[in-house]
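Next up, my_file_33.txt (compact mmCIF, C-alpha atoms):
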# COMPACT_ATOMS: atom_id res chain seq x y z
CA MET X 1 -32.37 -44.55 -10.41
CA THR X 2 -28.99 -46.13 -10.87
CA GLN X 3 -26.36 -46.12 -8.19
CA PRO X 4 -23.35 -43.86 -8.82
CA PRO X 5 -20.29 -45.93 -9.71
CA ALA X 6 -18.45 -47.03 -6.61
CA PRO X 7 -14.85 -45.87 -6.19
CA PRO X 8 -12.45 -48.52 -7.42
CA ALA X 9 -11.30 -50.98 -4.83
CA LEU X 10 -7.72 -50.54 -3.70
CA ASP X 11 -6.77 -53.98 -4.90
CA ALA X 12 -8.00 -53.13 -8.38
CA VAL X 13 -5.12 -50.65 -8.85
CA PRO X 14 -2.26 -52.64 -10.33
CA ALA X 15 0.75 -52.28 -8.11
CA ALA X 16 3.12 -52.08 -11.06
CA ALA X 17 1.27 -49.04 -12.41
CA LEU X 18 2.24 -46.96 -9.39
CA ALA X 19 5.76 -45.84 -8.70
CA SER X 20 6.79 -47.39 -5.41
CA PRO X 21 7.54 -44.17 -3.38
CA SER X 22 4.21 -42.57 -4.23
CA ARG X 23 2.10 -45.69 -3.89
CA ALA X 24 1.21 -45.08 -0.26
CA LYS X 25 0.41 -41.47 -1.08
CA VAL X 26 -1.97 -42.46 -3.85
CA GLN X 27 -3.66 -45.03 -1.67
CA ASP X 28 -4.12 -42.42 1.04
CA ALA X 29 -5.64 -40.07 -1.49
CA LEU X 30 -7.95 -42.78 -2.72
CA LYS X 31 -9.07 -43.55 0.80
CA SER X 32 -9.67 -39.93 1.80
CA SER X 33 -11.51 -38.83 -1.33
CA GLN X 34 -14.43 -40.41 -3.04
CA GLU X 35 -12.82 -39.69 -6.41
CA GLY X 36 -11.30 -42.48 -8.41
CA LEU X 37 -7.66 -42.82 -9.25
CA PHE X 38 -8.04 -40.85 -12.46
CA LEU X 39 -9.63 -37.76 -10.90
CA THR X 40 -7.20 -37.71 -7.99
CA ARG X 41 -4.26 -37.76 -10.34
CA LEU X 42 -5.88 -35.17 -12.59
CA ASP X 43 -6.34 -32.84 -9.64
CA GLN X 44 -2.67 -33.17 -8.77
CA ILE X 45 -1.66 -32.52 -12.35
CA VAL X 46 -3.82 -29.39 -12.47
CA ARG X 47 -2.25 -28.16 -9.23
CA TRP X 48 1.23 -28.88 -10.53
CA ALA X 49 0.49 -27.03 -13.76
CA ARG X 50 -0.98 -24.03 -11.95
CA LYS X 51 1.87 -23.90 -9.51
CA ASN X 52 4.53 -23.82 -12.19
CA SER X 53 2.87 -21.40 -14.57
CA LEU X 54 1.74 -18.46 -12.48
CA TRP X 55 1.41 -15.43 -14.71
CA PRO X 56 1.97 -12.32 -12.62
CA MET X 57 0.24 -9.03 -13.17
CA PRO X 58 2.84 -6.47 -12.12
CA LEU X 59 1.05 -3.61 -10.45
CA GLY X 60 4.10 -1.48 -9.73
CA THR X 61 3.43 1.95 -8.38
CA ALA X 62 6.62 2.77 -6.50
CA CYS X 63 10.15 1.65 -5.72
CA CYS X 64 9.09 -1.98 -5.07
CA ALA X 65 8.46 -2.17 -8.81
CA ILE X 66 12.19 -1.67 -9.38
CA GLU X 67 12.90 -4.75 -7.26
CA LEU X 68 10.14 -6.55 -9.12
CA MET X 69 11.93 -5.76 -12.38
CA ALA X 70 15.20 -6.95 -10.87
CA THR X 71 13.50 -10.21 -9.94
CA ALA X 72 12.52 -10.70 -13.55
CA GLY X 73 16.09 -9.99 -14.70
CA PRO X 74 18.78 -12.59 -15.33
CA ARG X 75 20.35 -12.38 -11.88
CA TYR X 76 17.33 -13.59 -9.91
CA ASP X 77 15.40 -14.95 -12.88
CA ILE X 78 11.79 -15.47 -11.84
CA ALA X 79 11.52 -17.72 -14.93
CA ARG X 80 13.07 -20.50 -12.87
CA PHE X 81 9.72 -20.71 -11.07
CA GLY X 82 7.63 -20.46 -14.22
CA ALA X 83 6.43 -16.94 -13.50
CA GLU X 84 8.45 -15.02 -16.08
CA ARG X 85 5.44 -14.10 -18.16
CA LEU X 86 4.65 -10.73 -16.61
CA SER X 87 1.30 -9.97 -18.10
CA PHE X 88 0.48 -6.34 -18.62
CA SER X 89 -3.13 -7.23 -19.26
CA PRO X 90 -5.05 -8.44 -16.21
CA ARG X 91 -7.14 -10.73 -18.38
CA GLN X 92 -4.21 -13.05 -18.96
CA ALA X 93 -2.86 -13.00 -15.42
CA ASP X 94 -3.57 -15.03 -12.31
CA LEU X 95 -1.18 -13.57 -9.76
CA MET X 96 -1.34 -9.88 -8.91
CA ILE X 97 1.86 -8.51 -7.42
CA VAL X 98 1.00 -5.17 -5.87
CA ALA X 99 4.36 -3.45 -5.61
CA GLY X 100 4.14 0.02 -4.21
CA THR X 101 2.13 2.64 -2.45
CA ILE X 102 -1.57 2.54 -3.26
CA SER X 103 -3.21 5.92 -2.89
CA LYS X 104 -6.91 6.25 -2.31
CA LYS X 105 -7.26 7.54 -5.84
CA MET X 106 -5.52 4.42 -7.16
CA ALA X 107 -7.71 2.07 -5.10
CA PRO X 108 -10.69 1.84 -7.52
CA ALA X 109 -8.28 1.08 -10.36
CA LEU X 110 -6.64 -1.63 -8.26
CA ARG X 111 -10.01 -3.21 -7.58
CA MET X 112 -10.96 -2.99 -11.24
CA ILE X 113 -7.75 -4.73 -12.29
CA TYR X 114 -8.36 -7.44 -9.70
CA ASP X 115 -11.92 -7.94 -10.92
CA GLN X 116 -10.72 -8.24 -14.51
CA MET X 117 -8.40 -11.10 -13.67
CA PRO X 118 -9.95 -14.52 -14.33
CA GLU X 119 -10.35 -17.03 -11.52
CA PRO X 120 -8.43 -18.62 -9.91
CA LYS X 121 -6.28 -15.68 -8.85
CA TRP X 122 -3.85 -14.81 -6.11
CA VAL X 123 -2.50 -11.55 -4.72
CA ILE X 124 0.91 -10.73 -3.29
CA ALA X 125 1.21 -7.51 -1.28
CA MET X 126 4.87 -6.69 -1.83
CA GLY X 127 6.55 -4.30 0.54
CA ALA X 128 5.51 -2.22 3.51
CA CYS X 129 3.33 0.23 1.58
CA ALA X 130 1.13 -2.35 -0.11
CA ALA X 131 0.96 -4.55 2.97
CA SER X 132 0.08 -1.91 5.54
CA GLY X 133 0.67 1.58 4.23
CA GLY X 134 4.23 1.50 5.58
CA MET X 135 5.60 4.85 6.59
CA PHE X 136 2.80 6.68 4.82
CA ARG X 137 0.41 6.93 7.72
CA SER X 138 -1.50 9.64 5.98
CA TYR X 139 -4.93 10.43 4.62
CA PRO X 140 -4.30 9.80 0.90
CA THR X 141 -2.72 6.37 1.34
CA VAL X 142 -4.57 3.08 1.62
CA GLN X 143 -3.44 1.45 4.87
CA GLY X 144 -2.98 -1.99 3.40
CA ILE X 145 -4.47 -3.28 0.18
CA ASP X 146 -6.35 -6.00 2.05
CA GLN X 147 -9.02 -3.33 2.54
CA ILE X 148 -9.66 -3.56 -1.20
CA VAL X 149 -8.66 -7.03 -2.40
CA PRO X 150 -8.02 -10.33 -0.60
CA VAL X 151 -4.29 -10.82 -0.08
CA ASP X 152 -2.64 -14.25 -0.06
CA VAL X 153 0.94 -13.36 0.88
CA TYR X 154 2.35 -10.27 2.54
CA ILE X 155 6.05 -9.55 2.00
CA SER X 156 7.88 -7.32 4.44
CA GLY X 157 10.58 -4.92 3.32
CA CYS X 158 11.04 -1.42 2.00
CA PRO X 159 11.51 -2.53 -0.71
CA PRO X 160 11.93 -6.29 -0.21
CA ARG X 161 14.97 -7.86 -1.84
CA PRO X 162 14.27 -9.89 -5.01
CA GLU X 163 14.95 -13.01 -2.96
CA ALA X 164 12.19 -12.00 -0.57
CA LEU X 165 9.76 -11.71 -3.49
CA LEU X 166 10.84 -15.14 -4.71
CA TYR X 167 10.29 -16.42 -1.19
CA GLY X 168 6.74 -15.04 -1.28
CA LEU X 169 6.21 -16.68 -4.65
CA LEU X 170 7.44 -19.98 -3.23
CA LEU X 171 4.95 -19.61 -0.37
CA ILE X 172 2.12 -19.24 -2.89
CA GLN X 173 3.40 -22.24 -4.85
CA GLU X 174 3.54 -24.29 -1.68
CA ARG X 175 -0.03 -23.35 -0.87
CA LEU X 176 -1.06 -24.26 -4.40
CA GLN X 177 0.54 -27.65 -4.02
CA ARG X 178 -1.48 -28.35 -0.91
CA ALA X 179 -4.86 -26.99 -2.01
CA SER X 180 -6.26 -25.79 -5.26
CA ARG X 181 -7.23 -22.47 -3.77
CA MET V 1 13.52 23.20 -42.18
CA ALA V 2 13.05 19.49 -41.69
CA ILE V 3 15.93 17.22 -42.59
CA VAL V 4 14.72 14.32 -44.71
CA VAL V 5 16.75 11.16 -44.14
CA ASP V 6 16.66 8.52 -46.81
CA ARG V 7 15.71 5.32 -44.97
CA ARG V 8 15.10 3.07 -47.94
CA LEU V 9 16.62 -0.38 -47.40
CA GLY V 10 18.95 -2.10 -49.81
CA TRP V 11 18.15 -5.59 -51.11
CA LEU V 12 20.40 -7.24 -48.50
CA ASP V 13 18.61 -5.45 -45.68
CA ARG V 14 15.25 -6.27 -47.18
CA LEU V 15 16.20 -9.95 -47.08
CA TYR V 16 16.32 -9.68 -43.23
CA LEU V 17 18.40 -12.87 -42.98
CA PRO V 18 21.79 -11.19 -42.34
CA GLY V 19 20.20 -9.17 -39.54
CA ILE V 20 18.71 -12.29 -37.96
CA ALA V 21 22.04 -14.09 -38.26
CA ARG V 22 23.81 -11.21 -36.50
CA GLY V 23 21.27 -11.31 -33.70
CA MET V 24 21.53 -15.06 -33.30
CA TRP V 25 25.31 -14.77 -33.21
CA ILE V 26 25.02 -12.48 -30.19
CA THR V 27 22.63 -14.95 -28.55
CA LEU V 28 25.06 -17.78 -29.23
CA LYS V 29 27.94 -15.83 -27.68
CA HIS V 30 25.90 -15.23 -24.53
CA LEU V 31 25.23 -18.96 -24.30
CA PHE V 32 28.89 -19.60 -23.55
CA ARG V 33 29.44 -16.68 -21.18
CA LYS V 34 29.68 -17.02 -17.44
CA LYS V 35 26.18 -17.51 -15.98
CA VAL V 36 25.01 -14.75 -13.68
CA THR V 37 21.87 -16.37 -12.29
CA LEU V 38 21.78 -16.90 -8.54
CA GLN V 39 20.07 -20.23 -7.84
CA TYR V 40 18.13 -18.59 -5.04
CA PRO V 41 16.70 -21.09 -2.59
CA GLU V 42 19.99 -23.02 -2.63
CA GLN V 43 22.44 -20.14 -3.09
CA ARG V 44 22.50 -16.89 -1.11
CA TRP V 45 24.43 -13.67 -1.25
CA LYS V 46 27.02 -12.96 1.37
CA PHE V 47 25.94 -9.59 2.57
CA PRO V 48 28.50 -6.97 3.63
CA GLU V 49 28.68 -5.62 7.16
CA GLY V 50 26.03 -2.99 7.63
CA PHE V 51 23.39 -4.80 5.60
CA ARG V 52 20.05 -3.80 7.02
CA GLY V 53 17.72 -6.74 7.50
CA VAL V 54 15.13 -7.53 10.12
CA PRO V 55 15.53 -5.61 13.39
CA ALA V 56 15.79 -7.92 16.39
CA LEU V 57 16.39 -7.76 20.13
CA VAL V 58 19.58 -9.27 21.54
CA LYS V 59 20.72 -10.76 24.84
CA ASP V 60 24.16 -10.36 26.39
CA GLN V 61 26.48 -13.26 27.18
CA GLU V 62 24.74 -13.80 30.53
CA GLY V 63 21.38 -14.26 28.89
CA ARG V 64 19.98 -10.91 30.07
CA VAL V 65 17.66 -9.06 27.69
CA LYS V 66 19.55 -5.84 27.06
CA CYS V 67 16.49 -3.68 26.38
CA VAL V 68 15.49 -1.40 29.28
CA ALA V 69 12.25 -0.16 27.69
CA CYS V 70 13.35 3.45 27.31
CA TYR V 71 10.96 3.94 24.35
CA LEU V 72 13.60 5.76 22.26
CA CYS V 73 13.23 3.35 19.33
CA GLN V 74 9.46 3.55 19.50
CA PHE V 75 9.75 7.33 19.46
CA VAL V 76 12.22 7.52 16.54
CA CYS V 77 10.65 4.81 14.35
CA PRO V 78 9.44 6.65 11.20
CA PRO V 79 6.52 4.30 10.39
CA LYS V 80 5.74 3.77 14.11
CA ALA V 81 6.26 0.02 13.78
CA ILE V 82 7.54 -0.56 17.33
CA THR V 83 5.21 -0.92 20.31
CA ILE V 84 6.70 -1.39 23.78
CA THR V 85 4.96 -2.13 27.04
CA ALA V 86 7.33 -1.53 29.95
CA GLY V 87 7.38 -3.61 33.10
CA GLU V 88 8.99 -3.00 36.48
CA MET V 89 11.62 -5.12 38.22
CA PRO V 90 11.68 -3.91 41.85
CA GLY V 91 14.96 -4.52 43.67
CA ASN V 92 16.91 -4.88 40.44
CA LYS V 93 19.46 -2.33 39.26
CA VAL V 94 17.87 -2.18 35.84
CA GLU V 95 14.36 -1.56 37.24
CA LYS V 96 12.66 -1.45 33.84
CA TYR V 97 12.26 -4.10 31.20
CA PRO V 98 10.02 -4.62 28.18
CA GLU V 99 7.02 -6.75 29.08
CA GLU V 100 5.96 -6.67 25.46
CA PHE V 101 8.08 -5.62 22.54
CA GLU V 102 6.33 -5.77 19.20
CA ILE V 103 7.65 -4.86 15.79
CA ASN V 104 5.09 -4.78 13.03
CA MET V 105 7.09 -6.12 10.10
CA LEU V 106 4.39 -4.93 7.73
CA ARG V 107 5.24 -1.38 8.74
CA CYS V 108 8.98 -1.71 9.31
CA ILE V 109 11.09 -0.06 6.62
CA TYR V 110 14.46 -1.46 7.75
CA CYS V 111 15.91 2.04 8.15
CA GLY V 112 18.09 1.18 11.14
CA LEU V 113 17.17 4.26 13.19
CA CYS V 114 16.22 2.01 16.12
CA GLU V 115 19.69 0.49 16.12
CA GLU V 116 21.30 3.93 15.89
CA VAL V 117 19.28 5.46 18.67
CA CYS V 118 19.45 2.58 21.16
CA PRO V 119 21.52 3.61 24.22
CA GLU V 120 21.80 0.01 25.46
CA GLN V 121 22.74 -1.58 22.10
CA ALA V 122 19.80 -3.87 22.57
CA ILE V 123 18.31 -3.79 19.07
CA PHE V 124 20.23 -4.65 15.92
CA LEU V 125 19.43 -5.10 12.28
CA THR V 126 20.20 -8.69 11.39
CA LYS V 127 21.02 -10.24 8.03
CA GLU V 128 17.58 -11.83 7.88
CA TYR V 129 15.49 -10.61 4.95
CA GLU V 130 13.01 -13.31 3.90
CA VAL V 131 9.97 -12.17 5.80
CA ALA V 132 6.62 -13.12 4.36
CA ALA V 133 3.40 -14.58 5.69
CA SER V 134 -0.13 -15.18 4.56
CA THR V 135 -1.72 -13.30 7.46
CA ARG V 136 -1.15 -9.86 8.90
CA THR V 137 -0.79 -11.19 12.43
CA GLY V 138 1.92 -13.55 11.25
CA LEU V 139 4.15 -10.58 10.54
CA ILE V 140 3.74 -8.85 13.90
CA TYR V 141 6.78 -10.11 15.75
CA GLY V 142 6.59 -10.32 19.53
CA LYS V 143 9.40 -10.19 22.06
CA GLN V 144 10.00 -13.96 21.99
CA LYS V 145 10.35 -14.09 18.24
CA LEU V 146 12.60 -11.02 18.12
CA LEU V 147 14.94 -12.46 20.76
CA GLU V 148 15.02 -15.70 18.79
CA ILE V 149 16.14 -13.89 15.64
CA GLY V 150 18.58 -11.61 17.46
CA GLY V 151 20.40 -14.22 19.49
CA VAL V 152 23.34 -13.26 21.71
CA ARG V 153 25.68 -10.28 21.27
CA PRO V 154 28.49 -10.15 23.81
CA ASP V 155 28.58 -6.91 25.79
CA PRO V 156 32.21 -5.92 26.58
CA ILE V 157 31.27 -3.21 29.09
CA MET V 158 28.61 -4.86 31.29
CA LYS V 159 27.73 -1.59 32.96
CA TRP V 160 24.75 -2.99 34.88
CA ALA V 161 27.03 -5.48 36.65
CA ARG V 162 29.19 -2.64 38.04
CA LYS V 163 26.53 -0.09 38.87

Translate this structure into structure tokens?
Amino acid sequence: MTQPPAPPALDAVPAAALASPSRAKVQDALKSSQEGLFLTRLDQIVRWARKNSLWPMPLGTACCAIELMATAGPRYDIARFGAERLSFSPRQADLMIVAGTISKKMAPALRMIYDQMPEPKWVIAMGACAASGGMFRSYPTVQGIDQIVPVDVYISGCPPRPEALLYGLLLIQERLQRASR
Amino acid sequence: MAIVVDRRLGWLDRLYLPGIARGMWITLKHLFRKKVTLQYPEQRWKFPEGFRGVPALVKDQEGRVKCVACYLCQFVCPPKAITITAGEMPGNKVEKYPEEFEINMLRCIYCGLCEEVCPEQAIFLTKEYEVAASTRTGLIYGKQKLLEIGGVRPDPIMKWARK
């Protein structure tokens, strides 16, 4: 049995190879994780790439979808955050934006679409209806999609402004920056 | 009787290049137009008066919570987002105050009926609109949070001081 390779010593990292503001950060990362410099950096690159290329699956069932379309338009321009590629196939999406009222008849379809999305995936519940059922406190409406799929960010509003949706997207990006999941 | 339209293309149309050039010309013109994009996290809209954002409780200029827990907003709220628990203030002219005042922002539809119905002008819709959280409980705003958002609105009448 051979010993696994030891993590590189901190002195072995040439100081000139690290940009001075991030040097302390890298050293912290090296101390906290047992991964070497290469894997730590790779992890950060993967996070950065994921964060800036979220492909949303627009699941618009009501008026929130209109605001979702406005967010994709030139005025608010969701492309500035790398999420302009609204994928109408769940198999090429990693962020489900549930925009609108989900009826109990729609719920199995919602779950199926979520299951078809490849990992890793995130879900935004946009607006009052998707987040909690909103004003439809009635028997055919799902009282919050978190009964069906795990939700990462809830956005309040009826419908939320495009800025509010962008704010929710920024929340997801911030979370992605901190942890891979 | 169907009308048959002759849609055969001429040789210039079949070349496609003039059509592409026309399209690219339009794209080029748009490149030099005024940009419409709002650079959101840095830039914001200036909303007109009457914009309906997050409902919030307000205090008057003496720091008194205006709400008297009359339950009118809870009663009128279409999605039943407001929950009030009233408390008693013996010896005070106002007598009643909200011990707890919760607005479930997941339910709230920003309709403004609570502001319209309030007899004490204690609840207002603010210009706040970015409300998002990663948990359900994070969007249930308590009294403290609502007062924080609402801030102070001067009350010109001060009827409780004269009663």

request  = Return the neighbours of chain V among the residues of chain X, cut-off 10 Å, counting all atoms listed in the file, as JSON, numbers by chain.
outcome  = {"X": [73, 74, 75, 76, 77, 78, 80, 124, 125, 126, 127, 128, 129, 130, 131, 132, 133, 134, 135, 136, 137, 143, 144, 146, 151, 152, 153, 154, 155, 156, 157, 158, 159, 160, 161, 162, 163, 164, 165, 166, 167, 168, 169, 170, 171, 172, 175]}

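For the atom pair formed by CA of Leu54 in chain X and CA of Pro118 in chain X, the distance is 12.5 Å, given to one decimal.
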
task = May I ask which of the residues V:Val68, V:Glu102, V:Arg153, V:Arg8 is the closest one to Met89 in chain V, counting all atoms listed in the file?
result = V:Val68

Two-atom distance - CA of Thr27 in chain V, CA of Arg85 in chain X (Å) =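 Value for the CA of Thr27 in chain V-CA of Arg85 in chain X distance: 20.1 Å.
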
query = When you draw a straight line from CA of Glu148 in chain V to CA of Pro55 in chain V, how long is it in Å?
reply =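 A separation of 11.5 Å between them.
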
message = Please list, as an MDAnalysis selection string, the residues that have an atom at most 10 Å away from (-5.7, -1.1, -9.8) in the coordinates of this file, counting all atoms listed in the file.
response = chainID X and resid 59:61 90 96 98 102 105:116 148:149

query = Around (19.7, -6.3, 40.0) in the file's frame, which residues reach within 12 Å when counting all atoms listed in the file? Return as a list of chain:residue names?
reply =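 The requested residues, written out, are V:Arg64, V:Glu88, V:Met89, V:Pro90, V:Gly91, V:Asn92, V:Lys93, V:Val94, V:Glu95, V:Lys96, V:Tyr97, V:Lys159, V:Trp160, V:Ala161, V:Arg162, V:Lys163.
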
Do you know which residues are at most 10 Å from Pro119 in chain V counting all atoms listed in the file, after dropping those on the same chain fewer than 5 positions away, and could you put them as a compact mmCIF listing (two decimals) with C-alpha atoms, in the frame of the given file?
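Dumped everything to around_33.txt:
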# COMPACT_ATOMS: atom_id res chain seq x y z
CA CYS V 67 16.49 -3.68 26.38
CA VAL V 68 15.49 -1.40 29.28
CA CYS V 70 13.35 3.45 27.31
CA LEU V 72 13.60 5.76 22.26
CA CYS V 73 13.23 3.35 19.33
CA CYS V 114 16.22 2.01 16.12

Produce the centre coordinates and the three edge lengths, each in Å to one decimal, of the box along x, y and z that contains all listed atoms of range 158-171 of chain X with 6 Å added on each side, as AutoDock Vina command-line options.
--center_x 10.0 --center_y -10.7 --center_z -1.5 --size_x 22.0 --size_y 30.6 --size_z 19.0
